[in-house]
>>> print(open('target.cif').read())   # mmCIF, C-alpha atoms and all ligand atoms
data_protein
#
loop_
_atom_site.label_atom_id
_atom_site.label_comp_id
_atom_site.auth_asym_id
_atom_site.auth_seq_id
_atom_site.Cartn_x
_atom_site.Cartn_y
_atom_site.Cartn_z
CA MET A 1 -12.86 -13.84 12.38
CA GLU A 2 -13.78 -10.21 11.89
CA TYR A 3 -10.92 -7.74 11.46
CA ASN A 4 -11.17 -4.54 13.51
CA GLY A 5 -10.10 -1.47 11.54
CA VAL A 6 -9.00 -0.56 8.05
CA ILE A 7 -6.33 -2.67 6.38
CA TYR A 8 -3.31 -0.73 5.08
CA ARG A 9 -0.54 -2.40 3.13
CA PRO A 10 2.33 -1.07 1.01
CA PRO A 11 1.13 -0.37 -2.56
CA VAL A 12 3.96 -2.52 -3.91
CA GLU A 13 2.36 -5.51 -2.11
CA ALA A 14 -0.93 -5.00 -3.96
CA ASN A 15 -0.85 -8.54 -5.41
CA THR A 16 0.25 -10.32 -2.23
CA ILE A 17 -2.12 -12.45 -0.14
CA LEU A 18 -2.89 -10.66 3.16
CA ILE A 19 -2.95 -12.59 6.45
CA PRO A 20 -4.26 -10.72 9.53
CA ILE A 21 -1.93 -11.00 12.52
CA THR A 22 -2.42 -7.77 14.45
CA GLU A 23 -4.92 -4.92 14.59
CA GLY A 24 -3.92 -1.29 15.10
CA CYS A 25 -0.48 0.11 15.93
CA SER A 26 1.56 -0.57 19.06
CA HIS A 27 2.77 3.07 19.03
CA ASN A 28 -0.25 4.96 17.62
CA SER A 29 1.21 8.38 18.51
CA CYS A 30 2.94 9.86 15.46
CA ILE A 31 1.57 13.40 15.22
CA PHE A 32 0.75 13.18 11.50
CA CYS A 33 -1.08 9.84 11.57
CA ASN A 34 -4.76 9.07 12.12
CA MET A 35 -4.82 5.62 10.51
CA TYR A 36 -5.42 3.62 13.68
CA ARG A 37 -6.65 6.25 16.15
CA SER A 38 -9.85 4.36 17.00
CA VAL A 39 -8.36 0.86 16.79
CA PRO A 40 -6.77 -0.53 19.97
CA PHE A 41 -3.62 -2.52 19.31
CA ARG A 42 -4.17 -6.27 19.54
CA ALA A 43 -2.22 -9.32 18.39
CA TRP A 44 -4.39 -12.13 17.05
CA SER A 45 -3.99 -15.34 19.00
CA LEU A 46 -2.69 -18.47 17.28
CA ASN A 47 -6.23 -19.88 17.41
CA GLU A 48 -7.61 -16.82 15.64
CA VAL A 49 -4.92 -17.00 12.95
CA GLU A 50 -5.61 -20.71 12.47
CA GLU A 51 -9.35 -20.12 12.18
CA TYR A 52 -8.69 -17.47 9.52
CA LEU A 53 -6.37 -19.80 7.59
CA SER A 54 -8.82 -22.66 7.81
CA ASN A 55 -11.60 -20.44 6.40
CA PHE A 56 -9.21 -19.23 3.70
CA ILE A 57 -8.52 -22.79 2.59
CA GLY A 58 -12.25 -23.49 2.62
CA VAL A 59 -12.76 -20.67 0.11
CA TYR A 60 -9.63 -20.93 -2.06
CA GLY A 61 -8.90 -24.66 -1.83
CA GLY A 62 -6.20 -25.81 -4.29
CA TYR A 63 -5.11 -22.25 -5.03
CA ALA A 64 -3.42 -22.27 -1.61
CA LYS A 65 -0.59 -24.42 -3.00
CA LYS A 66 0.29 -21.71 -5.53
CA ILE A 67 0.83 -19.03 -2.89
CA LYS A 68 4.53 -18.28 -2.41
CA ARG A 69 4.44 -14.95 -0.65
CA VAL A 70 2.18 -13.51 2.06
CA TYR A 71 1.92 -10.14 3.76
CA LEU A 72 1.09 -9.98 7.48
CA VAL A 73 -1.48 -7.29 8.23
CA GLY A 74 -1.21 -4.58 10.89
CA ALA A 75 0.79 -1.39 11.48
CA ASP A 76 3.69 -3.28 13.06
CA PRO A 77 3.17 -7.06 13.36
CA PHE A 78 6.93 -7.33 13.89
CA VAL A 79 6.24 -6.17 17.46
CA ILE A 80 5.28 -9.79 18.24
CA SER A 81 8.12 -11.74 19.86
CA ALA A 82 10.40 -13.80 17.60
CA LYS A 83 8.96 -16.99 19.09
CA GLY A 84 5.40 -15.79 18.45
CA LEU A 85 6.22 -14.80 14.87
CA VAL A 86 7.86 -18.16 14.16
CA LYS A 87 4.76 -19.96 15.46
CA ARG A 88 2.51 -17.86 13.21
CA VAL A 89 4.73 -18.45 10.17
CA GLU A 90 4.72 -22.23 10.87
CA LEU A 91 0.94 -22.11 11.04
CA ILE A 92 0.77 -20.25 7.74
CA LYS A 93 3.02 -22.88 6.12
CA LYS A 94 0.82 -25.66 7.46
CA TYR A 95 -2.05 -24.28 5.37
CA LEU A 96 -0.04 -22.61 2.58
CA PRO A 97 2.85 -25.07 2.20
CA ASN A 98 4.74 -23.28 -0.56
CA VAL A 99 5.03 -19.89 1.11
CA GLY A 100 8.69 -18.83 1.05
CA VAL A 101 8.52 -15.11 1.82
CA VAL A 102 6.60 -13.45 4.66
CA SER A 103 6.67 -9.64 4.64
CA MET A 104 5.11 -7.01 6.92
CA TYR A 105 5.43 -3.53 8.40
CA ALA A 106 7.96 -3.17 11.23
CA ARG A 107 8.91 -0.30 13.51
CA THR A 108 12.55 0.31 14.37
CA ASP A 109 11.84 -0.37 18.05
CA ASN A 110 10.29 -3.75 17.13
CA ILE A 111 13.67 -4.76 15.67
CA ALA A 112 15.63 -3.35 18.63
CA ARG A 113 13.79 -5.71 21.00
CA LYS A 114 15.02 -8.77 19.10
CA THR A 115 18.42 -10.40 19.52
CA ASP A 116 20.69 -11.22 16.59
CA ASP A 117 19.76 -14.89 17.09
CA ASP A 118 16.07 -13.92 16.92
CA LEU A 119 16.66 -12.09 13.63
CA ARG A 120 18.56 -15.05 12.15
CA CYS A 121 15.77 -17.37 13.20
CA LEU A 122 13.14 -15.09 11.60
CA LYS A 123 15.17 -14.92 8.39
CA ASP A 124 15.40 -18.74 8.37
CA VAL A 125 11.61 -19.16 8.48
CA GLY A 126 11.20 -16.80 5.51
CA ILE A 127 10.56 -13.38 7.06
CA ASN A 128 11.93 -10.79 4.65
CA ASP A 129 11.14 -7.42 3.05
CA LEU A 130 10.23 -5.52 6.22
CA TYR A 131 8.57 -2.16 5.52
CA ILE A 132 9.95 0.39 7.96
CA GLY A 133 8.59 3.89 8.64
CA VAL A 134 11.93 5.68 8.50
CA GLU A 135 10.18 8.98 7.56
CA CYS A 136 13.39 11.08 7.41
CA GLY A 137 17.00 11.21 8.52
CA SER A 138 16.74 14.05 11.05
CA ASN A 139 16.72 13.10 14.75
CA ASP A 140 15.22 16.49 15.69
CA VAL A 141 12.39 16.20 13.18
CA LEU A 142 11.59 12.62 14.22
CA ALA A 143 11.37 13.73 17.86
CA LYS A 144 8.90 16.48 16.86
CA LEU A 145 6.86 13.92 14.91
CA ASN A 146 6.81 11.76 18.07
CA LYS A 147 7.97 8.82 15.99
CA GLY A 148 9.27 7.00 19.03
CA TYR A 149 12.72 6.41 17.58
CA SER A 150 15.50 8.44 16.01
CA ALA A 151 17.30 8.23 12.68
CA ASP A 152 20.33 6.93 14.58
CA ASP A 153 18.16 4.13 16.02
CA THR A 154 16.91 3.24 12.55
CA LYS A 155 20.45 3.17 11.20
CA GLU A 156 21.57 0.81 13.95
CA GLN A 157 18.62 -1.55 13.54
CA CYS A 158 18.62 -1.61 9.72
CA LEU A 159 22.33 -2.45 9.75
CA ARG A 160 21.46 -5.38 12.05
CA LEU A 161 18.84 -6.53 9.52
CA ASN A 162 21.41 -6.22 6.73
CA SER A 163 23.90 -8.31 8.67
CA VAL A 164 21.48 -11.26 8.84
CA GLY A 165 20.21 -10.81 5.28
CA ILE A 166 16.70 -9.50 6.00
CA ASN A 167 15.84 -6.92 3.32
CA HIS A 168 14.11 -3.73 4.34
CA CYS A 169 11.99 -1.33 2.29
CA ASP A 170 12.04 2.17 3.73
CA LEU A 171 9.05 4.52 3.87
CA LEU A 172 10.08 8.17 3.65
CA MET A 173 7.95 11.27 3.98
CA LEU A 174 8.58 14.63 2.29
CA GLY A 175 7.85 17.89 4.10
CA THR A 176 8.53 16.63 7.63
CA GLY A 177 10.83 19.54 8.54
CA GLY A 178 8.28 22.21 7.58
CA LYS A 179 8.84 25.41 5.64
CA GLY A 180 12.48 26.29 5.06
CA HIS A 181 13.94 22.95 6.16
CA GLY A 182 13.33 20.72 3.13
CA LEU A 183 16.85 20.77 1.70
CA GLU A 184 18.65 20.09 4.99
CA VAL A 185 16.27 17.19 5.76
CA ALA A 186 16.78 15.82 2.23
CA ALA A 187 20.55 15.76 2.68
CA VAL A 188 20.53 13.88 5.98
CA THR A 189 17.84 11.50 4.75
CA ALA A 190 19.87 10.61 1.65
CA ALA A 191 22.92 10.02 3.87
CA LEU A 192 20.90 7.71 6.13
CA GLU A 193 19.50 5.72 3.21
CA ASN A 194 22.91 5.42 1.57
CA ALA A 195 24.22 3.96 4.82
CA ILE A 196 21.43 1.44 5.42
CA LYS A 197 20.90 0.30 1.80
CA PRO A 198 17.19 -0.53 1.48
CA THR A 199 16.00 -2.64 -1.43
CA LYS A 200 13.10 -0.24 -1.99
CA ILE A 201 12.42 3.38 -1.04
CA LEU A 202 8.76 4.40 -0.90
CA VAL A 203 8.03 8.12 -0.72
CA ASN A 204 4.90 9.98 0.26
CA THR A 205 4.26 13.58 1.29
CA MET A 206 3.24 14.68 4.76
CA SER A 207 -0.27 16.15 4.96
CA ALA A 208 -2.33 17.39 7.88
CA PHE A 209 -5.34 15.17 8.46
CA THR A 210 -8.36 15.83 10.64
CA GLY A 211 -7.86 15.08 14.31
CA THR A 212 -4.07 14.89 14.18
CA LYS A 213 -1.74 16.87 16.41
CA LEU A 214 -0.02 18.06 13.25
CA ASP A 215 -3.26 19.66 12.11
CA ASP A 216 -3.63 21.35 15.53
CA GLU A 217 -0.07 22.66 15.32
CA ILE A 218 -0.68 24.13 11.88
CA GLN A 219 -3.88 25.78 13.08
CA ALA A 220 -2.06 27.18 16.11
CA GLY A 221 0.77 28.48 13.91
CA SER A 222 3.47 26.41 15.58
CA PHE A 223 4.23 24.40 12.42
CA THR A 224 4.32 25.92 8.95
CA PRO A 225 4.13 23.37 6.13
CA ALA A 226 6.48 23.69 3.19
CA GLY A 227 4.95 24.79 -0.10
CA GLU A 228 4.82 22.34 -2.99
CA ARG A 229 7.87 23.81 -4.76
CA GLU A 230 9.99 23.31 -1.65
CA ILE A 231 8.66 19.75 -1.28
CA LEU A 232 9.64 18.98 -4.87
CA GLN A 233 13.06 20.53 -4.27
CA GLU A 234 13.42 18.33 -1.20
CA GLU A 235 12.51 15.26 -3.26
CA TYR A 236 14.96 16.27 -6.02
CA THR A 237 17.80 16.79 -3.51
CA PHE A 238 17.01 13.53 -1.75
CA LEU A 239 16.86 11.51 -4.96
CA ASN A 240 19.96 13.20 -6.36
CA GLY A 241 21.89 12.34 -3.19
CA LEU A 242 21.06 8.63 -3.31
CA GLU A 243 23.92 6.31 -4.26
CA LEU A 244 22.04 3.02 -4.25
CA PRO A 245 22.22 1.43 -7.71
CA ASN A 246 20.25 -1.67 -6.71
CA THR A 247 17.38 0.15 -5.02
CA TYR A 248 13.90 0.67 -6.45
CA PHE A 249 12.53 4.19 -5.92
CA TRP A 250 8.75 4.49 -5.68
CA ALA A 251 7.16 7.94 -5.32
CA ILE A 252 3.71 7.67 -6.81
CA HIS A 253 1.64 7.84 -3.63
CA PRO A 254 -1.64 9.75 -4.08
CA LEU A 255 -0.19 12.39 -1.74
CA ASP A 256 2.79 12.96 -4.07
CA SER A 257 2.03 15.78 -6.52
CA VAL A 258 4.36 14.34 -9.18
CA GLY A 259 4.75 10.59 -9.70
CA VAL A 260 8.21 9.14 -10.36
CA GLU A 261 9.37 5.56 -9.99
CA GLY A 262 12.16 3.35 -11.24
CA MET A 263 15.44 1.63 -10.49
CA LEU A 264 18.10 4.03 -9.32
CA ASN A 265 20.79 2.53 -11.55
CA THR A 266 18.84 3.04 -14.79
CA ASP A 267 16.05 5.55 -14.14
CA LYS A 268 17.51 8.16 -11.79
CA SER A 269 18.23 10.80 -14.50
CA ARG A 270 14.76 10.43 -15.96
CA MET A 271 13.17 10.83 -12.55
CA LEU A 272 15.35 13.85 -11.73
CA ASN A 273 14.41 15.48 -15.06
CA THR A 274 10.72 14.98 -14.30
CA LEU A 275 11.12 16.57 -10.87
CA ALA A 276 13.19 19.46 -12.29
CA ARG A 277 10.44 20.25 -14.80
CA ALA A 278 7.83 20.10 -12.04
CA ILE A 279 9.85 22.48 -9.84
CA GLU A 280 9.86 25.02 -12.68
CA THR A 281 6.17 24.75 -13.48
CA VAL A 282 4.37 23.83 -10.24
CA ASP A 283 1.31 25.87 -9.30
CA GLU A 284 1.51 25.99 -5.51
CA THR A 285 -2.09 27.08 -5.08
CA LEU A 286 -3.19 23.72 -6.52
CA TYR A 287 -1.29 21.73 -3.90
CA LYS A 288 -2.02 23.00 -0.44
CA ARG A 289 -0.73 20.57 2.14
CA VAL A 290 -3.23 21.74 4.76
CA SER A 291 -5.92 19.50 3.36
CA ARG A 292 -7.35 18.27 6.71
CA VAL A 293 -9.23 15.48 4.95
CA GLY A 294 -8.87 11.74 4.58
CA THR A 295 -6.03 9.60 5.87
CA LEU A 296 -2.68 8.32 4.72
S1 LIG B 301 2.73 6.32 11.27
FE1 LIG B 301 2.90 4.11 11.62
S2 LIG B 301 3.96 3.96 13.62
FE2 LIG B 301 3.16 6.04 13.48
S3 LIG B 301 1.15 5.97 14.50
FE3 LIG B 301 0.80 5.66 12.28
S4 LIG B 301 0.79 3.47 12.00
FE4 LIG B 301 1.74 3.84 14.00
#
>>> encode(input="target.cif", output="structure tokens", more="lines below")
Ligand code: SF4
Amino acid sequence: MEYNGVIYRPPVEANTILIPITEGCSHNSCIFCNMYRSVPFRAWSLNEVEEYLSNFIGVYGGYAKKIKRVYLVGADPFVISAKGLVKRVELIKKYLPNVGVVSMYARTDNIARKTDDDLRCLKDVGINDLYIGVECGSNDVLAKLNKGYSADDTKEQCLRLNSVGINHCDLLMLGTGGKGHGLEVAAVTAALENAIKPTKILVNTMSAFTGTKLDDEIQAGSFTPAGEREILQEEYTFLNGLELPNTYFWAIHPLDSVGVEGMLNTDKSRMLNTLARAIETVDETLYKRVSRVGTL
């Protein structure tokens, strides 16, 4: 089987075996994103997944028995119905019998379409560690980003995941509010995260890429990006407001000007000190967020 499009996966899953399940994104309309613009959304059929797994076994043979965790590829494979996901996980376990954890990206609206029984069933087959594009805690900002769901929606759905024991890892983006709004967005985002208790928080910084509506808005003057000092202040305020001792904080994306990572219970002060130093010394001319190149 040939996969259509580029494969993106969370950096913290760099060592996990990837299994293609979907291509593209079922939403594909966030104004800052060009990752899947030319890739129509498509779920792989069970036959296609089986063919891939069969080829995989042909290449890796006995190594298959050592695999305990897999990552399902696509922008939001969790859009597939609970029944469809269970069938795909059963297929994976037929070929990779010791797989215990199946992780993937999920959108908030993917979760909303599943019943509590669905979620319990998915947890029982090993689905865990869902990576969710939370982006920020401001309903107004999320509407402007055309995210397709609000912070309130994310809160409701992540609390449902928590209640059935499915862990979620939240992807947050700095700079979403634009110039002058960083601190207020940081405060509501920290409040949201404190309420929904992710196991991991992954941070990157919003940039304007070629062909995105965000880029058009910046060119037209209807959105003014925050400067790098404000972005670092937003990150400092966000991190400082987090009260999640058991959460891992990861902010070393290539789009982040300063890399910090660690457990919040032991490394928060160190990370805050690093950000405080960067706020004092940052050269804003070096970090223009109007790059208009590349992708996320
Ligand atoms: S940010 Fe995620 S949900 Fe939004 S269009 Fe891109 S891949 Fe889809």
>>> residues_near_ligand(input="target.cif", ligand="ligand LIG 301 (chain B)", cutoff="10 Å", atoms="only C-alpha atoms and all ligand atoms", output="ChimeraX atom specification")
/A:8,24-37,41,74-76,105-108,132-135,145-149,171,296
>>> write_last_selection(input="target.cif", atoms="C-alpha atoms", output="CSV table (one decimal), in the frame of the given file")
chain,number,residue,atom,x,y,z
A,8,TYR,CA,-3.3,-0.7,5.1
A,24,GLY,CA,-3.9,-1.3,15.1
A,25,CYS,CA,-0.5,0.1,15.9
A,26,SER,CA,1.6,-0.6,19.1
A,27,HIS,CA,2.8,3.1,19.0
A,28,ASN,CA,-0.2,5.0,17.6
A,29,SER,CA,1.2,8.4,18.5
A,30,CYS,CA,2.9,9.9,15.5
A,31,ILE,CA,1.6,13.4,15.2
A,32,PHE,CA,0.8,13.2,11.5
A,33,CYS,CA,-1.1,9.8,11.6
A,34,ASN,CA,-4.8,9.1,12.1
A,35,MET,CA,-4.8,5.6,10.5
A,36,TYR,CA,-5.4,3.6,13.7
A,37,ARG,CA,-6.6,6.2,16.2
A,41,PHE,CA,-3.6,-2.5,19.3
A,74,GLY,CA,-1.2,-4.6,10.9
A,75,ALA,CA,0.8,-1.4,11.5
A,76,ASP,CA,3.7,-3.3,13.1
A,105,TYR,CA,5.4,-3.5,8.4
A,106,ALA,CA,8.0,-3.2,11.2
A,107,ARG,CA,8.9,-0.3,13.5
A,108,THR,CA,12.6,0.3,14.4
A,132,ILE,CA,10.0,0.4,8.0
A,133,GLY,CA,8.6,3.9,8.6
A,134,VAL,CA,11.9,5.7,8.5
A,135,GLU,CA,10.2,9.0,7.6
A,145,LEU,CA,6.9,13.9,14.9
A,146,ASN,CA,6.8,11.8,18.1
A,147,LYS,CA,8.0,8.8,16.0
A,148,GLY,CA,9.3,7.0,19.0
A,149,TYR,CA,12.7,6.4,17.6
A,171,LEU,CA,9.0,4.5,3.9
A,296,LEU,CA,-2.7,8.3,4.7
>>> atom_distance(input="target.cif", atom1="CA of Leu18 in chain A", atom2="CA of Val125 in chain A")
17.6 Å
>>> atom_distance(input="target.cif", atom1="CA of Lys213 in chain A", atom2="CA of Val73 in chain A")
25.5 Å
>>> closest_residue(input="target.cif", among="A:Asn167, A:Gly259, A:Gln233, A:Thr189", to="Thr247 in chain A", atoms="all atoms listed in the file")
A:Asn167
>>> residues_around(input="target.cif", residues="range 90-104 of chain A", least_positions_apart="2", cutoff="7 Å", atoms="only C-alpha atoms", output="number ranges by chain")
A: 50, 53, 64-73, 77, 86-88, 106, 126-131
>>> closest_residue(input="target.cif", among="A:Gly180, A:Pro40, A:Pro198, A:Gly58", to="Ala226 in chain A", atoms="all atoms listed in the file")
A:Gly180
>>> atom_distance(input="target.cif", atom1="CA of Cys158 in chain A", atom2="CA of Glu243 in chain A")
16.9 Å
>>> closest_residue(input="target.cif", among="A:Ile57, A:Cys121, A:Met263, A:Leu255", to="Gly165 in chain A", atoms="only C-alpha atoms")
A:Cys121
>>> residues_around(input="target.cif", residues="Val49 in chain A", least_positions_apart="2", cutoff="9 Å", atoms="all atoms listed in the file", output="list in words")
Met1, Ile19, Pro20, Ile21, Trp44, Ser45, Leu46, Asn47, Glu51, Tyr52, Leu53, Ser54, Arg88, Leu91 and Ile92 of chain A
